[in-house]
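*Asks:* What follows is a structure written as structure tokens; I'll ask about it next.
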Amino acid sequence: MPIIISKLLDIIASNGSLISPSAGNGEKEEAAKREVIKAANALIFALERPGDYLARVGWGEPSRTAALRTAFELGILAKLDMRTPKTSA
């Protein structure tokens with residue numbers, strides 16, 4: 001596992017150096033941001049113990065869980081999956 005963590009940190013560092021808060025959001029910079037986010041999430045999952053995950057999801061993100069449950073119960077998720085064009089009406 002230390003090798004995975006080291007590689008993820010390298011990915012974050014190398015792509016993070018390509019991101020400038022004051023510069024425009026070019027294609028390279030956007031790709032670098034996506035890579036940093038993906039590697040950061042993978043790093044969290046690599047370092048997290050199962051109990052940490054349960055605490056984060058159960059206690060730290062209750063509004064996300066409630067929003068997903070509401071969307072499911074209202075059938076919103078099924079409608080998003082439909083292949084027909086959507087309108088705001």
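Going through the structure tokens in order, the chains are called A, B, and so on, while each chain numbers its residues from 1 and the ligands are numbered from 1 in the order shown.
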Give the alpha helix (DSSP H) residues of chain A, as assigned by DSSP on the backbone, as number ranges by chain.
*Replies:* A: 2-16, 27-47, 50-55, 62-73, 76-81
*Asks:* Between A:Ala71, A:Ile19, A:Leu9, A:Ile76, which is the closest to Leu47 in chain A once you count only C-alpha atoms?
*Replies:*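 Closest to Leu47 in chain A, using only C-alpha atoms: A:Leu9.
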*Asks:* Fewer than 6 positions away in the same chain doesn't count, so skip those; otherwise give me all residues within 12 Å of Ser6 in chain A, counting only C-alpha atoms, as a JSON list (two decimals) with N, CA and C atoms, in the first residue's frame.
*Replies:*
```json
[["chain", "number", "residue", "atom", "x", "y", "z"],
["A", 12, "ILE", "N", -0.61, 13.76, -7.78],
["A", 12, "ILE", "CA", -1.17, 15.01, -7.27],
["A", 12, "ILE", "C", -0.15, 16.14, -7.41],
["A", 13, "ALA", "N", 1.09, 15.87, -7.04],
["A", 13, "ALA", "CA", 2.13, 16.90, -7.12],
["A", 13, "ALA", "C", 2.41, 17.32, -8.56],
["A", 39, "ALA", "N", -6.96, 11.48, -8.27],
["A", 39, "ALA", "CA", -5.91, 10.92, -7.42],
["A", 39, "ALA", "C", -6.17, 11.22, -5.95],
["A", 40, "ALA", "N", -6.70, 12.41, -5.65],
["A", 40, "ALA", "CA", -6.99, 12.76, -4.26],
["A", 40, "ALA", "C", -8.08, 11.86, -3.68],
["A", 42, "ALA", "N", -8.76, 8.82, -4.73],
["A", 42, "ALA", "CA", -8.16, 7.49, -4.58],
["A", 42, "ALA", "C", -7.27, 7.44, -3.34],
["A", 43, "LEU", "N", -6.57, 8.55, -3.05],
["A", 43, "LEU", "CA", -5.72, 8.61, -1.86],
["A", 43, "LEU", "C", -6.56, 8.52, -0.59],
["A", 46, "ALA", "N", -7.59, 4.99, -0.18],
["A", 46, "ALA", "CA", -6.46, 4.13, 0.19],
["A", 46, "ALA", "C", -6.11, 4.28, 1.66],
["A", 47, "LEU", "N", -6.27, 5.48, 2.20],
["A", 47, "LEU", "CA", -5.90, 5.74, 3.59],
["A", 47, "LEU", "C", -7.02, 5.46, 4.58]]
```
*Asks:* Fewer than 3 positions away in the same chain doesn't count, so skip those; otherwise give me all residues within 8 Å of Glu35 in chain A, counting only C-alpha atoms, as number ranges by chain.
*Replies:* A: 11-12, 15, 31-32, 38-39
*Asks:* Compile the contact shell of Pro21 in chain A as a PDB file with N, CA and C atoms, in the first residue's frame: residues with an atom at most 12 Å away, counting only C-alpha atoms, same-chain residues fewer than 6 positions apart removed.
*Replies:*
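Saved result, part10.pdb, follows:
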```pdb
ATOM      1  N   GLU A  29      -5.005  22.577 -18.227  1.00  0.00           N
ATOM      2  CA  GLU A  29      -5.248  22.853 -16.810  1.00  0.00           C
ATOM      3  C   GLU A  29      -6.480  22.098 -16.309  1.00  0.00           C
ATOM      4  N   GLU A  30      -7.523  22.062 -17.107  1.00  0.00           N
ATOM      5  CA  GLU A  30      -8.732  21.323 -16.720  1.00  0.00           C
ATOM      6  C   GLU A  30      -8.442  19.831 -16.586  1.00  0.00           C
ATOM      7  N   LYS A  33      -6.606  19.321 -13.363  1.00  0.00           N
ATOM      8  CA  LYS A  33      -7.521  19.397 -12.218  1.00  0.00           C
ATOM      9  C   LYS A  33      -8.273  18.084 -12.041  1.00  0.00           C
TER      10      LYS A  33
END
```
*Asks:* How many Å separate CA of Ile3 in chain A from CA of Leu54 in chain A?
*Replies:* 25.1 Å
